[in-house]
Amino acid sequence: MLSPEARARILEIARESVKHAVLIGGPLPVNAAEEHPELRPPRATFTTLEEDGALRGCTGVVVAFRPLAEDVAATAASAATQDTRFPPVRPEELPRIDVSVSVLSPMERLPVGSEEELLAILRPGVDGLMLTEGMRRGVFLPQVWESLPRPRDFLEHLRRKASLPPGYWSDTLQVHRFTVEKVR
């Protein structure tokens with residue numbers, strides 16, 4: 001668990017990076033060495049933007065490769081300007097944008113041989129899931145359980161996101177799960 005100080009700084013970086021991306025361009029410059037010690041190790045994050053309660057942008061990474069503070073700045077800027085499902089956030093929208101950050105645990109590969117095995121070990125409301133088949137990949141954060149509470153539905157929608165056919169399963173399908181600490 002992140003400390004209250006680290007959580008507050010994560011939100012500050014995310015909000016400032018959204019603003020920076022919209023008004024200036026690119027992520028907020030952050031020097032991790034000068035940040036709270038909990039924000040220095042590599043961590044993977046997703047930043048979610050909502051406007052008036054509706055999704056307005058969500059981007060992130062699934063593998064930790066840069067310090068947490070820098071990852072938050074990058075994913076927040078990307079959520080504001082590079083989520084291809086939405087036009088870039090406009091300056092006049094900034095006061096209505098709510099920001100939350102999901103800090104991911106390391107990915108855990110699940111050695112499952114069938115859909116039934118996977119469904120038996122999934123933890124609704126807890127697990128995020130990533131399916132990978134060759135170049136196709138789909139990721140759902142644990143928050144998706146709120147709109148898809150049935151494990152079979154969750155999995156089917158994730159297949160669709162990964163551009164896999166309904167009911168698809170193969171010996172080469174890779175399944176990873178993770179959890180998140182949500183900061184809002």
# chains A, B, ... in the order shown; residues from 1 in each chain; ligands from 1
>>> residues_around(residues="Cys58 of chain A", least_positions_apart="4", cutoff="9 Å", atoms="only C-alpha atoms", output="list of chain:residue names")
A:Phe46, A:Thr47, A:Thr48, A:Leu49, A:Glu50, A:Thr75, A:Ala76, A:Ser78, A:Ala79, A:Ala80, A:Asp83
>>> write_last_selection(atoms="C-alpha atoms", output="short mmCIF file (atom, residue, chain, number, x, y, z; two decimals), in the first residue's frame")
data_model
loop_
_atom_site.label_atom_id
_atom_site.label_comp_id
_atom_site.auth_asym_id
_atom_site.auth_seq_id
_atom_site.Cartn_x
_atom_site.Cartn_y
_atom_site.Cartn_z
CA PHE A 46 -3.03 3.45 -16.05
CA THR A 47 -4.52 6.91 -15.81
CA THR A 48 -8.27 7.30 -16.23
CA LEU A 49 -10.01 10.58 -17.00
CA GLU A 50 -13.72 11.13 -16.49
CA THR A 75 0.11 7.97 -18.80
CA ALA A 76 -1.82 11.03 -17.63
CA SER A 78 -1.42 10.24 -22.93
CA ALA A 79 -4.93 9.78 -21.49
CA ALA A 80 -5.61 13.47 -22.14
CA ASP A 83 -6.58 7.89 -26.35
#
>>> residues_around(residues="Leu23 of chain A", least_positions_apart="2", cutoff="12 Å", atoms="only C-alpha atoms", output="list in words")
Glu16, Ser17, Val18, Lys19, His20, Ala21, Gly25, Gly26, Pro27, Leu28, Ala77, Ala80, Thr81, Pro88, Val89, Arg90, Pro91, Glu92, Glu93 and Leu94 of chain A
>>> residues_around(residues="Val62 of chain A", least_positions_apart="6", cutoff="8 Å", atoms="only C-alpha atoms", output="number ranges by chain")
A: 44-45, 104, 107
>>> write_last_selection(atoms="C-alpha atoms", output="CSV table (one decimal), in the first residue's frame")
chain,number,residue,atom,x,y,z
A,44,ALA,CA,3.3,0.4,-14.3
A,45,THR,CA,0.2,2.6,-14.3
A,104,LEU,CA,-0.5,-2.1,-11.2
A,107,MET,CA,1.8,-9.4,-13.9
>>> closest_atom_pairs(of="segment 36-148 of chain A", to="segment 161-173 of chain A", cutoff="12 Å", atoms="only C-alpha atoms", output="CSV")
residue,atom,partner,partner_atom,distance
A:Arg109,CA,A:Leu173,CA,11.0
A:Leu110,CA,A:Leu173,CA,10.5
A:Pro111,CA,A:Leu173,CA,10.1
A:Val112,CA,A:Asp171,CA,9.3
A:Gly113,CA,A:Asp171,CA,7.0
A:Ser114,CA,A:Trp169,CA,7.0
A:Glu115,CA,A:Trp169,CA,7.0
A:Glu116,CA,A:Trp169,CA,10.5
A:Glu117,CA,A:Trp169,CA,11.6
A:Leu118,CA,A:Trp169,CA,10.9
A:Leu129,CA,A:Ala162,CA,11.4
A:Met130,CA,A:Ala162,CA,9.0
A:Leu131,CA,A:Leu173,CA,7.0
A:Thr132,CA,A:Leu173,CA,5.9
A:Glu133,CA,A:Leu173,CA,5.0
A:Gly134,CA,A:Leu173,CA,8.0
A:Met135,CA,A:Ala162,CA,9.3
A:Arg136,CA,A:Ala162,CA,5.5
A:Arg137,CA,A:Ala162,CA,4.7
A:Gly138,CA,A:Ala162,CA,4.1
A:Val139,CA,A:Lys161,CA,7.7
A:Phe140,CA,A:Lys161,CA,8.8
>>> write_last_selection(atoms="C-alpha atoms", output="mmCIF file, in the first residue's frame")
data_model
loop_
_atom_site.group_PDB
_atom_site.id
_atom_site.type_symbol
_atom_site.label_atom_id
_atom_site.label_comp_id
_atom_site.auth_asym_id
_atom_site.auth_seq_id
_atom_site.Cartn_x
_atom_site.Cartn_y
_atom_site.Cartn_z
ATOM 1 C CA ARG A 109 1.146 -15.576 -15.636
ATOM 2 C CA LEU A 110 -1.681 -18.040 -15.093
ATOM 3 C CA PRO A 111 -0.866 -21.581 -16.230
ATOM 4 C CA VAL A 112 -4.425 -22.418 -17.260
ATOM 5 C CA GLY A 113 -5.286 -24.920 -19.968
ATOM 6 C CA SER A 114 -8.915 -24.040 -20.542
ATOM 7 C CA GLU A 115 -11.516 -21.333 -20.165
ATOM 8 C CA GLU A 116 -13.133 -23.301 -17.332
ATOM 9 C CA GLU A 117 -9.838 -23.418 -15.403
ATOM 10 C CA LEU A 118 -9.477 -19.666 -15.820
ATOM 11 C CA LEU A 129 -6.626 -9.573 -16.793
ATOM 12 C CA MET A 130 -4.463 -9.530 -19.906
ATOM 13 C CA LEU A 131 -4.944 -11.939 -22.815
ATOM 14 C CA THR A 132 -2.194 -12.244 -25.413
ATOM 15 C CA GLU A 133 -2.305 -14.286 -28.621
ATOM 16 C CA GLY A 134 0.557 -13.487 -30.965
ATOM 17 C CA MET A 135 0.337 -9.756 -31.696
ATOM 18 C CA ARG A 136 -3.183 -9.477 -30.286
ATOM 19 C CA ARG A 137 -3.622 -8.267 -26.735
ATOM 20 C CA GLY A 138 -6.438 -7.055 -24.547
ATOM 21 C CA VAL A 139 -6.249 -5.682 -21.007
ATOM 22 C CA PHE A 140 -9.047 -5.022 -18.533
#
>>> closest_residue(among="A:Gly53, A:Pro42, A:Pro142, A:Pro149", to="Ile97 of chain A", atoms="only C-alpha atoms")
A:Gly53
>>> closest_residue(among="A:Glu108, A:Phe154, A:Ile13, A:Gln143", to="Val175 of chain A", atoms="only C-alpha atoms")
A:Glu108
>>> select_by_dssp(residues="segment 60-100 of chain A", states="helix (DSSP H, G or I)", output="PyMOL selection string")
chain A and resi 68-81+91-96
>>> write_last_selection(atoms="N, CA and C atoms", output="PDB file, in the first residue's frame")
ATOM      1  N   LEU A  68       7.829   5.253 -11.011  1.00  0.00           N
ATOM      2  CA  LEU A  68       6.400   5.485 -10.850  1.00  0.00           C
ATOM      3  C   LEU A  68       6.016   6.928 -11.155  1.00  0.00           C
ATOM      4  N   ALA A  69       6.751   7.896 -10.633  1.00  0.00           N
ATOM      5  CA  ALA A  69       6.415   9.308 -10.868  1.00  0.00           C
ATOM      6  C   ALA A  69       6.418   9.635 -12.352  1.00  0.00           C
ATOM      7  N   GLU A  70       7.406   9.143 -13.080  1.00  0.00           N
ATOM      8  CA  GLU A  70       7.498   9.403 -14.515  1.00  0.00           C
ATOM      9  C   GLU A  70       6.405   8.677 -15.285  1.00  0.00           C
ATOM     10  N   ASP A  71       6.063   7.465 -14.840  1.00  0.00           N
ATOM     11  CA  ASP A  71       5.014   6.703 -15.514  1.00  0.00           C
ATOM     12  C   ASP A  71       3.666   7.399 -15.360  1.00  0.00           C
ATOM     13  N   VAL A  72       3.388   7.906 -14.160  1.00  0.00           N
ATOM     14  CA  VAL A  72       2.134   8.637 -13.935  1.00  0.00           C
ATOM     15  C   VAL A  72       2.063   9.858 -14.853  1.00  0.00           C
ATOM     16  N   ALA A  73       3.138  10.617 -14.930  1.00  0.00           N
ATOM     17  CA  ALA A  73       3.143  11.805 -15.795  1.00  0.00           C
ATOM     18  C   ALA A  73       2.883  11.416 -17.249  1.00  0.00           C
ATOM     19  N   ALA A  74       3.511  10.336 -17.697  1.00  0.00           N
ATOM     20  CA  ALA A  74       3.365   9.915 -19.091  1.00  0.00           C
ATOM     21  C   ALA A  74       1.962   9.382 -19.391  1.00  0.00           C
ATOM     22  N   THR A  75       1.432   8.540 -18.511  1.00  0.00           N
ATOM     23  CA  THR A  75       0.106   7.966 -18.801  1.00  0.00           C
ATOM     24  C   THR A  75      -0.994   9.015 -18.659  1.00  0.00           C
ATOM     25  N   ALA A  76      -0.819   9.969 -17.779  1.00  0.00           N
ATOM     26  CA  ALA A  76      -1.819  11.033 -17.634  1.00  0.00           C
ATOM     27  C   ALA A  76      -1.856  11.910 -18.879  1.00  0.00           C
ATOM     28  N   ALA A  77      -0.688  12.292 -19.371  1.00  0.00           N
ATOM     29  CA  ALA A  77      -0.634  13.108 -20.590  1.00  0.00           C
ATOM     30  C   ALA A  77      -1.224  12.337 -21.764  1.00  0.00           C
ATOM     31  N   SER A  78      -0.909  11.069 -21.848  1.00  0.00           N
ATOM     32  CA  SER A  78      -1.423  10.239 -22.932  1.00  0.00           C
ATOM     33  C   SER A  78      -2.940  10.084 -22.849  1.00  0.00           C
ATOM     34  N   ALA A  79      -3.472   9.901 -21.658  1.00  0.00           N
ATOM     35  CA  ALA A  79      -4.926   9.777 -21.492  1.00  0.00           C
ATOM     36  C   ALA A  79      -5.639  11.040 -21.959  1.00  0.00           C
ATOM     37  N   ALA A  80      -5.009  12.185 -21.765  1.00  0.00           N
ATOM     38  CA  ALA A  80      -5.613  13.469 -22.141  1.00  0.00           C
ATOM     39  C   ALA A  80      -5.530  13.754 -23.632  1.00  0.00           C
ATOM     40  N   THR A  81      -4.512  13.221 -24.294  1.00  0.00           N
ATOM     41  CA  THR A  81      -4.284  13.645 -25.678  1.00  0.00           C
ATOM     42  C   THR A  81      -4.142  12.519 -26.698  1.00  0.00           C
ATOM     43  N   PRO A  91      -8.796  22.768 -23.476  1.00  0.00           N
ATOM     44  CA  PRO A  91      -8.546  23.564 -22.263  1.00  0.00           C
ATOM     45  C   PRO A  91      -9.813  23.858 -21.457  1.00  0.00           C
ATOM     46  N   GLU A  92     -10.927  24.155 -22.124  1.00  0.00           N
ATOM     47  CA  GLU A  92     -12.154  24.484 -21.398  1.00  0.00           C
ATOM     48  C   GLU A  92     -12.748  23.288 -20.650  1.00  0.00           C
ATOM     49  N   GLU A  93     -12.295  22.077 -20.970  1.00  0.00           N
ATOM     50  CA  GLU A  93     -12.772  20.885 -20.269  1.00  0.00           C
ATOM     51  C   GLU A  93     -12.039  20.638 -18.947  1.00  0.00           C
ATOM     52  N   LEU A  94     -10.847  21.178 -18.805  1.00  0.00           N
ATOM     53  CA  LEU A  94      -9.993  20.865 -17.654  1.00  0.00           C
ATOM     54  C   LEU A  94     -10.702  20.969 -16.300  1.00  0.00           C
ATOM     55  N   PRO A  95     -11.511  21.997 -16.029  1.00  0.00           N
ATOM     56  CA  PRO A  95     -12.156  22.064 -14.717  1.00  0.00           C
ATOM     57  C   PRO A  95     -13.139  20.915 -14.434  1.00  0.00           C
ATOM     58  N   ARG A  96     -13.598  20.233 -15.492  1.00  0.00           N
ATOM     59  CA  ARG A  96     -14.581  19.153 -15.317  1.00  0.00           C
ATOM     60  C   ARG A  96     -13.956  17.758 -15.344  1.00  0.00           C
TER      61      ARG A  96
END
>>> closest_residue(among="A:Val180, A:Ile10, A:Val99, A:Ala120", to="Leu55 of chain A", atoms="only C-alpha atoms")
A:Val99
>>> atom_distance(atom1="atom CA of Leu148 of chain A", atom2="atom CA of Arg85 of chain A")
19.8 Å
>>> select_by_dssp(residues="chain A", states="strand (DSSP E)", output="ChimeraX atom specification")
/A:45-51,54-60,97-104,108-109,128-133,136-140,174-178,180-183
>>> closest_residue(among="A:Leu2, A:Leu158, A:Leu119, A:Val101", to="Thr59 of chain A", atoms="only C-alpha atoms")
A:Val101
>>> decode(residues="segment 69-83 of chain A", atoms="N, CA and C atoms", output="PDB file, in the first residue's frame")
ATOM      1  N   ALA A  69       6.751   7.896 -10.633  1.00  0.00           N
ATOM      2  CA  ALA A  69       6.415   9.308 -10.868  1.00  0.00           C
ATOM      3  C   ALA A  69       6.418   9.635 -12.352  1.00  0.00           C
ATOM      4  N   GLU A  70       7.406   9.143 -13.080  1.00  0.00           N
ATOM      5  CA  GLU A  70       7.498   9.403 -14.515  1.00  0.00           C
ATOM      6  C   GLU A  70       6.405   8.677 -15.285  1.00  0.00           C
ATOM      7  N   ASP A  71       6.063   7.465 -14.840  1.00  0.00           N
ATOM      8  CA  ASP A  71       5.014   6.703 -15.514  1.00  0.00           C
ATOM      9  C   ASP A  71       3.666   7.399 -15.360  1.00  0.00           C
ATOM     10  N   VAL A  72       3.388   7.906 -14.160  1.00  0.00           N
ATOM     11  CA  VAL A  72       2.134   8.637 -13.935  1.00  0.00           C
ATOM     12  C   VAL A  72       2.063   9.858 -14.853  1.00  0.00           C
ATOM     13  N   ALA A  73       3.138  10.617 -14.930  1.00  0.00           N
ATOM     14  CA  ALA A  73       3.143  11.805 -15.795  1.00  0.00           C
ATOM     15  C   ALA A  73       2.883  11.416 -17.249  1.00  0.00           C
ATOM     16  N   ALA A  74       3.511  10.336 -17.697  1.00  0.00           N
ATOM     17  CA  ALA A  74       3.365   9.915 -19.091  1.00  0.00           C
ATOM     18  C   ALA A  74       1.962   9.382 -19.391  1.00  0.00           C
ATOM     19  N   THR A  75       1.432   8.540 -18.511  1.00  0.00           N
ATOM     20  CA  THR A  75       0.106   7.966 -18.801  1.00  0.00           C
ATOM     21  C   THR A  75      -0.994   9.015 -18.659  1.00  0.00           C
ATOM     22  N   ALA A  76      -0.819   9.969 -17.779  1.00  0.00           N
ATOM     23  CA  ALA A  76      -1.819  11.033 -17.634  1.00  0.00           C
ATOM     24  C   ALA A  76      -1.856  11.910 -18.879  1.00  0.00           C
ATOM     25  N   ALA A  77      -0.688  12.292 -19.371  1.00  0.00           N
ATOM     26  CA  ALA A  77      -0.634  13.108 -20.590  1.00  0.00           C
ATOM     27  C   ALA A  77      -1.224  12.337 -21.764  1.00  0.00           C
ATOM     28  N   SER A  78      -0.909  11.069 -21.848  1.00  0.00           N
ATOM     29  CA  SER A  78      -1.423  10.239 -22.932  1.00  0.00           C
ATOM     30  C   SER A  78      -2.940  10.084 -22.849  1.00  0.00           C
ATOM     31  N   ALA A  79      -3.472   9.901 -21.658  1.00  0.00           N
ATOM     32  CA  ALA A  79      -4.926   9.777 -21.492  1.00  0.00           C
ATOM     33  C   ALA A  79      -5.639  11.040 -21.959  1.00  0.00           C
ATOM     34  N   ALA A  80      -5.009  12.185 -21.765  1.00  0.00           N
ATOM     35  CA  ALA A  80      -5.613  13.469 -22.141  1.00  0.00           C
ATOM     36  C   ALA A  80      -5.530  13.754 -23.632  1.00  0.00           C
ATOM     37  N   THR A  81      -4.512  13.221 -24.294  1.00  0.00           N
ATOM     38  CA  THR A  81      -4.284  13.645 -25.678  1.00  0.00           C
ATOM     39  C   THR A  81      -4.142  12.519 -26.698  1.00  0.00           C
ATOM     40  N   GLN A  82      -3.986  11.269 -26.244  1.00  0.00           N
ATOM     41  CA  GLN A  82      -3.665  10.206 -27.198  1.00  0.00           C
ATOM     42  C   GLN A  82      -4.591   8.998 -27.159  1.00  0.00           C
ATOM     43  N   ASP A  83      -5.629   8.995 -26.329  1.00  0.00           N
ATOM     44  CA  ASP A  83      -6.579   7.889 -26.348  1.00  0.00           C
ATOM     45  C   ASP A  83      -7.380   8.021 -27.645  1.00  0.00           C
TER      46      ASP A  83
END
